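Engineer: Next comes the structure file entry36.txt, holding compact mmCIF, C-alpha atoms and all ligand atoms.
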```txt
# COMPACT_ATOMS: atom_id res chain seq x y z
CA MET A 2 -72.64 50.62 -3.53
CA PRO A 3 -70.17 49.74 -6.32
CA ARG A 4 -70.63 46.21 -7.67
CA THR A 5 -67.20 44.94 -6.47
CA LYS A 6 -67.90 46.14 -2.92
CA THR A 7 -71.30 44.39 -3.03
CA ALA A 8 -69.67 41.13 -4.17
CA ILE A 9 -67.07 41.24 -1.35
CA ALA A 10 -69.81 42.04 1.19
CA VAL A 11 -71.71 38.87 0.16
CA LEU A 12 -68.77 36.54 -0.48
CA PHE A 13 -66.75 37.30 2.65
CA PRO A 14 -69.38 36.25 5.23
CA ALA A 15 -70.19 33.20 3.08
CA LEU A 16 -66.53 32.20 2.96
CA LEU A 17 -66.10 32.81 6.66
CA GLY A 18 -69.20 30.72 7.38
CA ALA A 19 -67.85 27.89 5.21
CA VAL A 20 -64.44 27.98 6.95
CA LEU A 21 -66.09 27.97 10.38
CA LEU A 22 -68.36 25.07 9.41
CA TYR A 23 -65.34 23.14 8.15
CA ALA A 24 -63.43 23.88 11.34
CA VAL A 25 -66.29 22.62 13.53
CA ALA A 26 -66.70 19.50 11.38
CA ALA A 27 -62.96 18.87 11.44
CA ALA A 28 -62.88 19.29 15.21
CA MET A 29 -65.80 16.85 15.64
CA THR A 30 -64.23 14.17 13.50
CA GLY A 31 -60.72 14.87 14.69
CA SER A 32 -59.52 15.07 11.10
CA ALA A 33 -59.12 17.74 8.49
CA SER A 34 -60.38 15.24 5.94
CA LEU A 35 -64.15 15.29 6.13
CA ASP A 36 -64.73 11.94 4.45
CA ARG A 37 -64.19 10.22 7.86
CA PRO A 38 -67.33 9.63 9.95
CA ALA A 39 -67.97 11.50 13.19
CA VAL A 40 -66.78 10.26 16.63
CA ALA A 41 -70.14 8.77 17.45
CA GLN A 42 -70.02 6.69 14.27
CA THR A 43 -66.52 5.22 14.58
CA GLY A 44 -67.64 2.12 16.41
CA GLY A 45 -65.43 2.96 19.34
CA GLU A 46 -62.20 3.53 17.43
CA VAL A 47 -60.30 6.66 18.17
CA PRO A 48 -60.72 8.92 15.13
CA GLY A 49 -57.65 9.79 13.11
CA GLY A 50 -56.25 6.28 13.43
CA SER A 51 -54.39 7.24 16.59
CA LEU A 52 -54.10 5.08 19.70
CA GLY A 53 -55.88 6.11 22.88
CA SER A 54 -59.00 5.61 24.86
CA SER A 55 -62.45 5.54 23.43
CA SER A 56 -65.62 6.83 24.95
CA ASP A 57 -67.92 4.48 23.17
CA ALA A 58 -70.77 3.53 25.50
CA GLU A 59 -71.00 0.02 24.03
CA ILE A 60 -67.41 -0.72 24.95
CA TRP A 61 -67.87 0.45 28.51
CA ARG A 62 -71.08 -1.52 28.77
CA ALA A 63 -69.24 -4.64 27.60
CA ILE A 64 -66.48 -4.03 30.15
CA ARG A 65 -69.08 -3.51 32.83
CA ARG A 66 -70.59 -6.86 31.88
CA GLY A 67 -67.23 -8.57 32.27
CA ALA A 68 -65.88 -8.76 28.69
CA GLN A 69 -62.25 -9.89 28.69
CA GLY A 70 -59.58 -7.82 26.97
CA GLU A 71 -56.05 -8.73 25.90
CA VAL A 72 -53.09 -8.29 28.22
CA SER A 73 -49.45 -8.99 27.47
CA ILE A 74 -48.61 -10.32 30.97
CA ALA A 75 -48.89 -14.03 31.78
CA ASP A 76 -51.89 -13.63 34.07
CA LYS A 77 -54.68 -13.42 31.48
CA LYS A 78 -57.24 -12.81 34.24
CA ALA A 79 -55.88 -9.25 34.37
CA GLY A 80 -57.74 -8.75 31.09
CA TYR A 81 -60.94 -8.41 33.08
CA MET A 82 -61.50 -4.86 34.22
CA ILE A 83 -64.82 -5.58 35.88
CA GLN A 84 -65.91 -9.09 36.87
CA SER A 85 -69.61 -8.61 37.36
CA GLU A 86 -70.26 -12.12 38.71
CA GLY A 87 -68.09 -11.10 41.64
CA GLU A 88 -70.88 -8.84 42.80
CA ASN A 89 -73.40 -11.68 42.58
CA TRP A 90 -71.01 -13.90 44.50
CA ARG A 91 -70.57 -11.33 47.26
CA ALA A 92 -74.32 -10.73 47.46
CA ILE A 93 -74.98 -14.49 47.79
CA ARG A 94 -72.18 -15.03 50.30
CA ASN A 95 -73.12 -12.13 52.55
CA GLY A 96 -76.84 -12.58 51.94
CA PRO A 97 -78.73 -15.88 51.70
CA LEU A 98 -75.71 -18.10 52.37
CA SER A 99 -74.84 -16.55 55.72
CA VAL A 100 -78.46 -15.91 56.69
CA TYR A 101 -79.70 -19.46 55.95
CA GLY A 102 -76.48 -20.90 57.35
CA SER A 103 -77.09 -19.25 60.71
CA TRP A 104 -80.74 -20.35 60.61
CA ALA A 105 -79.63 -23.96 60.03
CA ILE A 106 -77.31 -23.85 63.03
CA PHE A 107 -79.62 -22.00 65.43
CA GLY A 108 -82.61 -23.97 64.09
CA MET A 109 -80.86 -27.24 64.92
CA ILE A 110 -79.98 -26.03 68.43
CA ALA A 111 -83.63 -24.98 68.97
CA VAL A 112 -84.96 -28.35 67.72
CA LEU A 113 -82.56 -30.22 70.02
CA ALA A 114 -83.55 -28.03 72.98
CA LEU A 115 -87.24 -28.82 72.31
CA PHE A 116 -86.45 -32.51 71.89
CA PHE A 117 -84.62 -32.53 75.22
CA LEU A 118 -87.51 -30.69 76.85
CA PHE A 119 -90.13 -33.19 75.70
CA ARG A 120 -88.23 -36.47 75.50
CA GLY A 121 -85.48 -35.86 78.05
CA ARG A 122 -82.35 -37.98 78.12
CA ILE A 123 -82.74 -41.39 76.49
CA ARG A 124 -81.99 -43.78 79.35
CA THR A 125 -80.78 -47.37 79.32
CA GLU A 126 -84.08 -48.84 80.47
CA GLY A 127 -82.60 -52.04 81.84
CA GLY A 128 -80.13 -50.01 83.91
CA PRO A 129 -76.42 -50.83 83.93
CA SER A 130 -75.65 -54.54 83.86
CA GLY A 131 -72.09 -54.00 85.02
CA ARG A 132 -70.83 -56.13 82.12
CA THR A 133 -69.33 -54.37 79.13
CA ILE A 134 -68.45 -55.22 75.55
CA GLU A 135 -65.91 -53.56 73.25
CA ARG A 136 -67.71 -51.31 70.76
CA PHE A 137 -64.84 -49.44 69.09
CA ASN A 138 -61.19 -50.47 69.18
CA GLY A 139 -58.26 -48.07 69.56
CA LEU A 140 -57.84 -47.43 65.83
CA GLU A 141 -61.54 -46.71 65.38
CA ARG A 142 -61.50 -44.26 68.27
CA PHE A 143 -58.35 -42.61 66.96
CA ALA A 144 -59.99 -42.18 63.54
CA HIS A 145 -63.16 -40.79 65.13
CA TRP A 146 -61.41 -38.28 67.36
CA LEU A 147 -59.04 -37.20 64.62
CA THR A 148 -62.05 -36.45 62.40
CA ALA A 149 -64.07 -34.97 65.26
CA ASN A 150 -61.41 -32.66 66.71
CA THR A 151 -60.23 -31.40 63.35
CA PHE A 152 -63.84 -30.84 62.26
CA VAL A 153 -64.57 -28.78 65.37
CA LEU A 154 -61.45 -26.65 64.79
CA LEU A 155 -62.35 -26.18 61.13
CA ALA A 156 -65.96 -25.35 61.98
CA LEU A 157 -64.99 -22.74 64.59
CA THR A 158 -62.38 -21.04 62.40
CA GLY A 159 -64.66 -21.27 59.35
CA LEU A 160 -67.59 -19.76 61.26
CA ASN A 161 -65.29 -16.97 62.39
CA THR A 162 -64.40 -16.24 58.75
CA MET A 163 -68.07 -15.95 57.91
CA TYR A 164 -69.63 -14.39 60.99
CA GLY A 165 -66.71 -13.20 63.13
CA ARG A 166 -66.81 -9.61 61.93
CA TYR A 167 -70.42 -9.33 63.06
CA VAL A 168 -70.21 -11.42 66.24
CA LEU A 169 -66.65 -11.38 67.58
CA LYS A 170 -65.25 -8.07 66.34
CA PRO A 171 -67.72 -5.86 68.23
CA LEU A 172 -66.94 -7.85 71.40
CA ILE A 173 -63.13 -7.96 71.34
CA GLY A 174 -62.20 -5.06 69.05
CA ALA A 175 -60.64 -4.86 65.59
CA GLU A 176 -57.02 -5.56 66.64
CA ALA A 177 -57.71 -8.73 68.61
CA PHE A 178 -60.18 -9.91 65.98
CA ALA A 179 -57.59 -9.44 63.23
CA THR A 180 -55.00 -11.48 65.20
CA ILE A 181 -57.47 -14.28 66.00
CA THR A 182 -58.71 -14.41 62.43
CA GLU A 183 -55.20 -14.59 61.00
CA ILE A 184 -54.27 -17.45 63.34
CA GLY A 185 -57.63 -19.03 62.50
CA LYS A 186 -56.88 -18.85 58.80
CA TYR A 187 -53.62 -20.81 59.26
CA ILE A 188 -55.35 -23.36 61.48
CA HIS A 189 -58.11 -23.74 58.91
CA ASN A 190 -55.71 -24.21 56.00
CA TYR A 191 -53.40 -26.73 57.69
CA VAL A 192 -55.84 -28.69 59.88
CA GLY A 193 -57.90 -29.36 56.75
CA PHE A 194 -55.32 -31.96 55.68
CA ALA A 195 -55.56 -33.85 59.00
CA PHE A 196 -59.37 -33.85 58.61
CA MET A 197 -58.96 -35.48 55.20
CA ILE A 198 -56.89 -38.27 56.75
CA GLY A 199 -59.62 -38.76 59.39
CA ILE A 200 -62.31 -39.01 56.68
CA ALA A 201 -60.24 -41.53 54.71
CA LEU A 202 -59.71 -43.64 57.86
CA ILE A 203 -63.36 -43.76 58.92
CA LEU A 204 -64.36 -44.56 55.36
CA VAL A 205 -62.04 -47.57 55.24
CA LEU A 206 -62.86 -48.73 58.79
CA TRP A 207 -66.65 -48.40 58.71
CA VAL A 208 -67.83 -48.55 55.12
CA ARG A 209 -68.76 -52.24 55.31
CA GLN A 210 -71.07 -51.76 58.33
CA ASN A 211 -72.72 -48.73 56.75
CA ILE A 212 -74.14 -50.37 53.64
CA PRO A 213 -77.93 -49.92 53.88
CA ASP A 214 -80.02 -53.06 54.44
CA ARG A 215 -83.60 -54.08 55.29
CA THR A 216 -83.27 -53.48 59.04
CA ASP A 217 -82.77 -49.78 58.25
CA LEU A 218 -86.28 -49.44 56.81
CA ALA A 219 -87.87 -50.87 59.97
CA TRP A 220 -85.64 -48.64 62.10
CA LEU A 221 -86.63 -45.53 60.15
CA ALA A 222 -90.34 -46.48 60.17
CA LYS A 223 -90.22 -46.46 63.97
CA GLY A 224 -88.28 -43.18 64.07
CA GLY A 225 -85.42 -45.12 65.61
CA GLY A 226 -87.48 -45.44 68.80
CA MET A 227 -86.30 -41.93 69.63
CA PHE A 228 -89.73 -40.50 70.24
CA THR A 229 -91.32 -43.26 72.33
CA LYS A 230 -90.02 -44.80 75.52
CA GLY A 231 -89.62 -48.57 75.36
CA SER A 232 -89.39 -48.68 71.54
CA HIS A 233 -86.16 -50.33 70.39
CA PRO A 234 -86.14 -51.14 66.68
CA PRO A 235 -83.34 -53.65 66.00
CA ALA A 236 -80.02 -52.46 64.58
CA ARG A 237 -76.65 -53.94 63.70
CA LYS A 238 -73.41 -52.08 64.54
CA PHE A 239 -74.82 -48.89 63.05
CA ASN A 240 -78.53 -48.02 62.88
CA ALA A 241 -80.09 -46.19 59.90
CA GLY A 242 -79.59 -42.78 61.56
CA GLN A 243 -75.90 -43.49 62.07
CA LYS A 244 -75.57 -44.75 58.50
CA ILE A 245 -77.09 -41.52 57.22
CA LEU A 246 -74.64 -39.57 59.40
CA PHE A 247 -71.74 -41.71 58.16
CA TRP A 248 -72.53 -41.03 54.49
CA LEU A 249 -73.16 -37.34 55.12
CA VAL A 250 -69.80 -37.09 56.89
CA VAL A 251 -67.92 -39.08 54.24
CA LEU A 252 -69.48 -37.56 51.12
CA GLY A 253 -69.80 -34.09 52.65
CA GLY A 254 -66.24 -34.37 54.00
CA ILE A 255 -64.84 -35.33 50.59
CA SER A 256 -66.75 -32.50 48.95
CA ILE A 257 -65.59 -29.92 51.50
CA SER A 258 -62.03 -31.24 51.16
CA LEU A 259 -61.98 -30.96 47.37
CA SER A 260 -63.46 -27.48 47.32
CA GLY A 261 -61.12 -26.53 50.19
CA ILE A 262 -58.06 -27.65 48.19
CA ALA A 263 -59.35 -25.63 45.24
CA LEU A 264 -59.56 -22.56 47.50
CA ILE A 265 -56.11 -23.05 49.07
CA PHE A 266 -54.52 -23.39 45.62
CA PRO A 267 -56.47 -20.78 43.64
CA PHE A 268 -57.10 -21.15 39.90
CA LYS A 269 -55.50 -24.61 39.78
CA LEU A 270 -58.67 -26.72 39.72
CA ALA A 271 -61.83 -26.34 37.66
CA LEU A 272 -64.16 -28.57 39.66
CA PHE A 273 -67.39 -26.91 38.62
CA SER A 274 -66.79 -26.69 34.87
CA SER A 275 -66.06 -30.41 34.78
CA THR A 276 -68.98 -31.29 37.10
CA PHE A 277 -71.39 -29.12 35.09
CA ALA A 278 -70.11 -30.57 31.79
CA PHE A 279 -70.75 -34.05 33.20
CA LEU A 280 -74.25 -33.12 34.42
CA ASN A 281 -75.05 -31.60 31.04
CA ILE A 282 -74.82 -35.10 29.54
CA PHE A 283 -78.11 -35.68 31.38
CA GLY A 284 -79.59 -32.46 30.02
CA PHE A 285 -79.07 -30.12 32.96
CA GLY A 286 -78.00 -27.22 30.73
CA LEU A 287 -75.56 -25.78 33.28
CA PRO A 288 -72.85 -23.24 32.35
CA ALA A 289 -69.79 -25.41 31.69
CA ASP A 290 -67.53 -22.67 30.29
CA LEU A 291 -66.81 -20.90 33.56
CA THR A 292 -63.97 -18.39 33.82
CA PRO A 293 -61.27 -19.14 36.45
CA MET A 294 -62.75 -16.40 38.65
CA GLN A 295 -66.25 -17.88 38.43
CA GLU A 296 -64.78 -21.29 39.33
CA MET A 297 -63.36 -19.81 42.52
CA GLN A 298 -66.70 -18.23 43.36
CA TYR A 299 -68.66 -21.44 42.85
CA GLN A 300 -66.09 -23.36 44.90
CA GLN A 301 -66.29 -20.90 47.78
CA ILE A 302 -70.10 -20.93 47.89
CA TRP A 303 -70.19 -24.74 47.72
CA HIS A 304 -67.49 -25.13 50.39
CA ALA A 305 -69.37 -22.89 52.81
CA LEU A 306 -72.79 -24.36 51.98
CA VAL A 307 -71.78 -27.98 52.61
CA ALA A 308 -69.72 -27.01 55.67
CA LEU A 309 -72.61 -25.09 57.25
CA GLY A 310 -75.04 -27.96 56.53
CA LEU A 311 -72.66 -30.53 57.98
CA THR A 312 -72.04 -28.36 61.05
CA ALA A 313 -75.78 -28.32 61.78
CA VAL A 314 -75.91 -32.12 61.41
CA ILE A 315 -72.85 -32.61 63.63
CA ILE A 316 -74.40 -30.49 66.39
CA ALA A 317 -77.22 -33.08 66.52
CA HIS A 318 -74.65 -35.89 66.54
CA ILE A 319 -72.72 -34.33 69.43
CA TYR A 320 -75.97 -33.91 71.35
CA ILE A 321 -76.92 -37.59 70.96
CA GLY A 322 -73.38 -38.74 71.75
CA THR A 323 -73.25 -36.79 75.03
CA LEU A 324 -76.32 -35.31 76.73
CA GLY A 325 -79.00 -36.97 74.58
CA MET A 326 -78.33 -40.65 75.30
CA GLU A 327 -77.13 -42.26 78.49
CA GLY A 328 -74.15 -44.57 77.96
CA ALA A 329 -73.42 -43.47 74.37
CA PHE A 330 -70.25 -41.50 75.07
CA ASP A 331 -68.50 -44.56 76.56
CA ALA A 332 -68.46 -46.11 73.08
CA MET A 333 -66.00 -43.45 71.93
CA GLY A 334 -64.55 -42.70 75.37
CA THR A 335 -63.31 -46.01 76.80
CA GLY A 336 -64.45 -47.98 73.76
CA GLU A 337 -66.56 -50.24 76.03
CA VAL A 338 -70.36 -50.08 76.38
CA ASP A 339 -72.67 -51.70 78.90
CA ARG A 340 -74.31 -54.86 77.55
CA ASN A 341 -77.78 -53.59 78.43
CA TRP A 342 -77.10 -50.45 76.38
CA ALA A 343 -75.97 -52.65 73.49
CA ARG A 344 -79.05 -54.92 73.87
CA GLU A 345 -81.41 -51.94 73.69
CA HIS A 346 -79.75 -49.95 70.90
CA HIS A 347 -77.82 -52.48 68.80
CA PRO A 348 -79.27 -55.94 69.61
CA LEU A 349 -78.34 -57.54 66.27
CA TRP A 350 -74.76 -56.34 66.64
CA LEU A 351 -74.59 -57.73 70.20
CA GLU A 352 -75.89 -61.10 68.95
CA GLU A 353 -73.30 -61.13 66.15
CA GLU A 354 -70.50 -60.28 68.59
CA GLU A 355 -71.60 -62.90 71.11
CA GLY A 356 -71.99 -65.47 68.34
CA ALA A 357 -68.51 -64.65 67.04
CA LYS A 358 -67.06 -64.93 70.55
CA ALA A 359 -68.80 -68.28 71.12
CA ARG A 360 -67.33 -69.54 67.85
CA GLY A 361 -63.97 -68.17 68.96
CA ASP A 362 -63.62 -65.94 65.83
CA ASP A 363 -62.64 -62.71 67.55
C1 LIG B 401 -66.97 -33.43 69.19
C2 LIG B 401 -67.86 -34.15 69.79
C3 LIG B 401 -68.27 -35.54 69.37
C4 LIG B 401 -68.72 -36.50 70.20
C5 LIG B 401 -68.91 -36.35 71.69
C6 LIG B 401 -68.99 -37.67 69.41
C7 LIG B 401 -69.46 -38.86 69.92
C8 LIG B 401 -69.65 -40.02 69.22
C9 LIG B 401 -70.05 -41.28 69.76
C10 LIG B 401 -70.34 -41.54 71.22
C11 LIG B 401 -70.12 -42.17 68.75
C12 LIG B 401 -70.49 -43.65 68.87
C13 LIG B 401 -71.98 -43.88 68.76
C14 LIG B 401 -72.29 -45.34 68.96
O1 LIG B 401 -71.61 -46.02 69.70
O2 LIG B 401 -73.23 -45.84 68.37
C15 LIG B 401 -69.77 -41.47 67.54
C16 LIG B 401 -69.76 -42.01 66.29
C17 LIG B 401 -69.48 -41.33 65.13
N1 LIG B 401 -69.06 -40.03 65.05
FE1 LIG B 401 -68.87 -38.74 66.57
N2 LIG B 401 -68.72 -37.41 68.11
C18 LIG B 401 -68.27 -36.11 68.02
C19 LIG B 401 -67.91 -35.45 66.87
C20 LIG B 401 -67.95 -36.00 65.62
C21 LIG B 401 -67.62 -35.28 64.42
C22 LIG B 401 -67.22 -33.82 64.37
C23 LIG B 401 -67.76 -36.15 63.39
C24 LIG B 401 -67.56 -35.93 61.93
C25 LIG B 401 -67.26 -34.83 61.34
C26 LIG B 401 -68.20 -37.40 63.93
C27 LIG B 401 -68.47 -38.53 63.20
C28 LIG B 401 -68.90 -39.71 63.71
C29 LIG B 401 -69.26 -40.86 62.93
C30 LIG B 401 -69.24 -40.93 61.39
C31 LIG B 401 -69.62 -41.86 63.80
C32 LIG B 401 -70.11 -43.26 63.44
C33 LIG B 401 -71.58 -43.22 63.15
C34 LIG B 401 -72.37 -42.92 64.40
O3 LIG B 401 -72.15 -43.59 65.41
O4 LIG B 401 -73.17 -41.99 64.39
N3 LIG B 401 -68.29 -37.27 65.29
N4 LIG B 401 -69.49 -40.16 67.87
```
Now, as a test, write the supplied structure out as structure tokens.
Structural biologist:
Amino acid sequence: MPRTKTAIAVLFPALLGAVLLYAVAAAMTGSASLDRPAVAQTGGEVPGGSLGSSSDAEIWRAIRRGAQGEVSIADKKAGYMIQSEGENWRAIRNGPLSVYGSWAIFGMIAVLALFFLFRGRIRTEGGPSGRTIERFNGLERFAHWLTANTFVLLALTGLNTMYGRYVLKPLIGAEAFATITEIGKYIHNYVGFAFMIGIALILVLWVRQNIPDRTDLAWLAKGGGMFTKGSHPPARKFNAGQKILFWLVVLGGISISLSGIALIFPFKLALFSSTFAFLNIFGFGLPADLTPMQEMQYQQIWHALVALGLTAVIIAHIYIGTLGMEGAFDAMGTGEVDRNWAREHHPLWLEEEEGAKARGDD
């Protein structure tokens, strides 16, 4: 072979190989200039300085973990593509919260049924005396029934929000369930404000008689005389059990109201960030820099948790106020109770009232 032909035969494939190599490298980096690093080494930037999407795994991982990006619209929350805590929230709401909530309610009903089975109705042992005394005046009864009726409405519509799709929907069908739930949502949102007025009224009317004192310890030590016939530990207007109920209703009611307002007006209040920041002063180490979305999630879980707990407690209260104790309902019905009932359940209060009447205070 002549020497020139031999040179071409060697050089041509070498040149072609070099051009091909360059082309592959240029295609990989997206640039004809090979001093730029490859796609995998750009740290997520689109090679060539152009705008566009990146396929960097780190970026997607960060988005998956809820990293916030920039948006030009006013609603900065739109900068979250994936809010991972939302999944935790849903798992808690549909998992332990609803499961333990239903246990609390059915558990309370079961305990009351057992109590009724073994103890029966608590009777007025002295029988009716035929003479009554005013226990709650008109304003007190108005405050009680305002709180009670609104609470029952809120509890029923709230329970429907949580459990209706499992309990009611299979029974009445999707259409009817949707209608009932929509009406229920309006009832829940508006009646909440009337409940708040009820809570404020009972707080003002009854706070003085619900301050704990020494008689409460003796009452609690004897289990309120609930478990033994003939046991009547002394009590003033409200016994220790009623005082506990009062504070649960007032504090629980305020807490449900605040979290309820935060849910009706979304993203306006940051109750948990401020509460956690306050608790952190005492070394709790709670996350005080919550995003607006996390705030909403905490508020929803708290609202439902306290509401379910209070519902279980109120079921016990309704039992004692109706079936559980003879003569109790009259106190909130007519406002008058039999003197023998008062002597057995609230003897110190009866003495105070009779003393006041004798002195002509009334
Ligand atoms: C719906 C059925 C209800 C009935 C039949 C009922 C009945 C009664 C009765 C008879 C009393 C007076 C007890 C006494 O004279 O010592 C009372 C008091 C009271 N009720 Fe209710 N109630 C009901 C619902 C509620 C609800 C839903 C709440 C609160 C959310 C509530 C909160 C209170 C409070 C704070 C007291 C004063 C403390 C006490 O006596 O336990 N009640 N209730």
Engineer: Hey, which residues come within 7 Å of ligand LIG 401 (chain B) if we count only C-alpha atoms and all ligand atoms? Could you give them as a PyMOL selection string?
Structural biologist: chain A and resi 136+145+148-150+152-153+203+239+243-244+246-247+250+315+318-319+322-323+329-333
Engineer: Can you list, as an MDAnalysis selection string, every protein, DNA or RNA residue that comes within 10 Å of Gln69 (chain A) when you count all atoms listed in the file, leaving out same-chain residues fewer than 2 positions away?
Structural biologist: chainID A and resid 63:64 66:67 71:72 77:84
Engineer: List the spatial neighbours of Leu113 (chain A) as a VMD selection string - criterion: any atom at most 9 Å away, all atoms listed in the file, same-chain residues fewer than 5 positions off excluded.
Structural biologist: chain A and resid 108 118 316 to 317 320 325
Engineer: Need to verify the contact set: Gly254 (chain A), 9 Å, all atoms listed in the file, exclusion of same-chain residues closer than 5 positions in sequence. Can you return it as an mmCIF file with C-alpha atoms, in the frame of the given file?
Structural biologist:
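Ended up saving to part_25.cif:
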```cif
data_model
loop_
_atom_site.group_PDB
_atom_site.id
_atom_site.type_symbol
_atom_site.label_atom_id
_atom_site.label_comp_id
_atom_site.auth_asym_id
_atom_site.auth_seq_id
_atom_site.Cartn_x
_atom_site.Cartn_y
_atom_site.Cartn_z
ATOM 1 C CA PHE A 196 -59.370 -33.850 58.610
ATOM 2 C CA MET A 197 -58.960 -35.480 55.200
ATOM 3 C CA ILE A 200 -62.310 -39.010 56.680
ATOM 4 C CA LEU A 249 -73.160 -37.340 55.120
ATOM 5 C CA LEU A 259 -61.980 -30.960 47.370
ATOM 6 C CA VAL A 307 -71.780 -27.980 52.610
ATOM 7 C CA ALA A 308 -69.720 -27.010 55.670
ATOM 8 C CA LEU A 311 -72.660 -30.530 57.980
#
```
Engineer: So how many Å separate CA of Ser99 (chain A) and CA of Leu160 (chain A), to one decimal?
Structural biologist: 9.7 Å
Engineer: Do a neighbour search on Pro348 (chain A) at 10 Å with only C-alpha atoms, toss out local chain neighbours closer than 2 positions, and write the hits as a PDB file with C-alpha atoms, in the frame of the given file.
Structural biologist:
```
ATOM      1  CA  HIS A 233     -86.160 -50.330  70.390  1.00  0.00           C
ATOM      2  CA  PRO A 234     -86.140 -51.140  66.680  1.00  0.00           C
ATOM      3  CA  PRO A 235     -83.340 -53.650  66.000  1.00  0.00           C
ATOM      4  CA  ALA A 236     -80.020 -52.460  64.580  1.00  0.00           C
ATOM      5  CA  ARG A 237     -76.650 -53.940  63.700  1.00  0.00           C
ATOM      6  CA  LYS A 238     -73.410 -52.080  64.540  1.00  0.00           C
ATOM      7  CA  ARG A 340     -74.310 -54.860  77.550  1.00  0.00           C
ATOM      8  CA  ASN A 341     -77.780 -53.590  78.430  1.00  0.00           C
ATOM      9  CA  TRP A 342     -77.100 -50.450  76.380  1.00  0.00           C
ATOM     10  CA  ALA A 343     -75.970 -52.650  73.490  1.00  0.00           C
ATOM     11  CA  ARG A 344     -79.050 -54.920  73.870  1.00  0.00           C
ATOM     12  CA  GLU A 345     -81.410 -51.940  73.690  1.00  0.00           C
ATOM     13  CA  HIS A 346     -79.750 -49.950  70.900  1.00  0.00           C
ATOM     14  CA  TRP A 350     -74.760 -56.340  66.640  1.00  0.00           C
ATOM     15  CA  LEU A 351     -74.590 -57.730  70.200  1.00  0.00           C
ATOM     16  CA  GLU A 352     -75.890 -61.100  68.950  1.00  0.00           C
ATOM     17  CA  GLU A 353     -73.300 -61.130  66.150  1.00  0.00           C
ATOM     18  CA  GLU A 354     -70.500 -60.280  68.590  1.00  0.00           C
TER      19      GLU A 354
END
```
Engineer: Which value, in Å to one decimal, gives the distance between CA of Ala58 (chain A) and CA of Glu86 (chain A)?
Structural biologist: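 Computed distance, CA of Ala58 (chain A) to CA of Glu86 (chain A), equals 20.5 Å.
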Engineer: Neighbours of region 285-302 of chain A within 12 Å (only C-alpha atoms; same-chain residues fewer than 6 positions away dropped), as a PyMOL selection string?
Structural biologist: chain A and resi 67-69+76-81+83-99+102+159+163+256-279+308-309
Engineer: Would you compute the box with edges along x, y and z of the file around region 89-102 of chain A, including every atom the file lists for it and 5 Å extra on each side, and give its centre and edge lengths in Å to one decimal, as lines of an AutoDock Vina configuration file?
Structural biologist:
```
center_x = -75.1
center_y = -15.8
center_z = 50.0
size_x = 19.1
size_y = 20.2
size_z = 24.8
```
Engineer: In terms of the shortest atom-to-atom distance over only C-alpha atoms, which of A:Ala201, A:Leu169, A:Ala177, A:Val314 is closest to Gly242 (chain A)?
Structural biologist: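 The answer is A:Val314, which sits nearest to Gly242 (chain A).
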Engineer: Please compute the CA of Gly139 (chain A)-CA of Ile198 (chain A) distance, one decimal, in Å.
Structural biologist: 16.2 Å
Engineer: Could you check the closest approach to Met326 (chain A) for each of A:Ala175, A:Ala222, A:Met227, A:Ala144 and tell me which residue wins, using all atoms listed in the file?
Structural biologist: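 Result for the nearest residue to Met326 (chain A): A:Met227.
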Engineer: Go through A:Ile245, A:Gly121, A:Glu126, A:Asp57 one by one, measure the shortest atom-to-atom distance of each to Asp217 (chain A) using all atoms listed in the file, and give the residue with the smallest value.
Structural biologist: A:Ile245
Engineer: Atoms are missing here; could region 115-123 of chain A be completed with N, CA and C atoms and written as a tab-separated table (two decimals), keeping the file's coordinate frame?
Structural biologist:
```
chain	number	residue	atom	x	y	z
A	115	LEU	N	-85.84	-28.38	72.19
A	115	LEU	CA	-87.24	-28.82	72.31
A	115	LEU	C	-87.30	-30.33	72.54
A	116	PHE	N	-86.47	-31.05	71.76
A	116	PHE	CA	-86.45	-32.51	71.89
A	116	PHE	C	-86.08	-32.90	73.31
A	117	PHE	N	-85.07	-32.22	73.87
A	117	PHE	CA	-84.62	-32.53	75.22
A	117	PHE	C	-85.72	-32.21	76.23
A	118	LEU	N	-86.43	-31.11	75.95
A	118	LEU	CA	-87.51	-30.69	76.85
A	118	LEU	C	-88.62	-31.73	76.92
A	119	PHE	N	-88.99	-32.27	75.74
A	119	PHE	CA	-90.13	-33.19	75.70
A	119	PHE	C	-89.73	-34.65	75.92
A	120	ARG	N	-88.61	-35.05	75.41
A	120	ARG	CA	-88.23	-36.47	75.50
A	120	ARG	C	-87.27	-36.72	76.65
A	121	GLY	N	-86.49	-35.69	76.99
A	121	GLY	CA	-85.48	-35.86	78.05
A	121	GLY	C	-84.33	-36.72	77.55
A	122	ARG	N	-83.49	-37.15	78.48
A	122	ARG	CA	-82.35	-37.98	78.12
A	122	ARG	C	-82.84	-39.41	77.86
A	123	ILE	N	-82.35	-40.01	76.79
A	123	ILE	CA	-82.74	-41.39	76.49
A	123	ILE	C	-81.94	-42.30	77.42
```
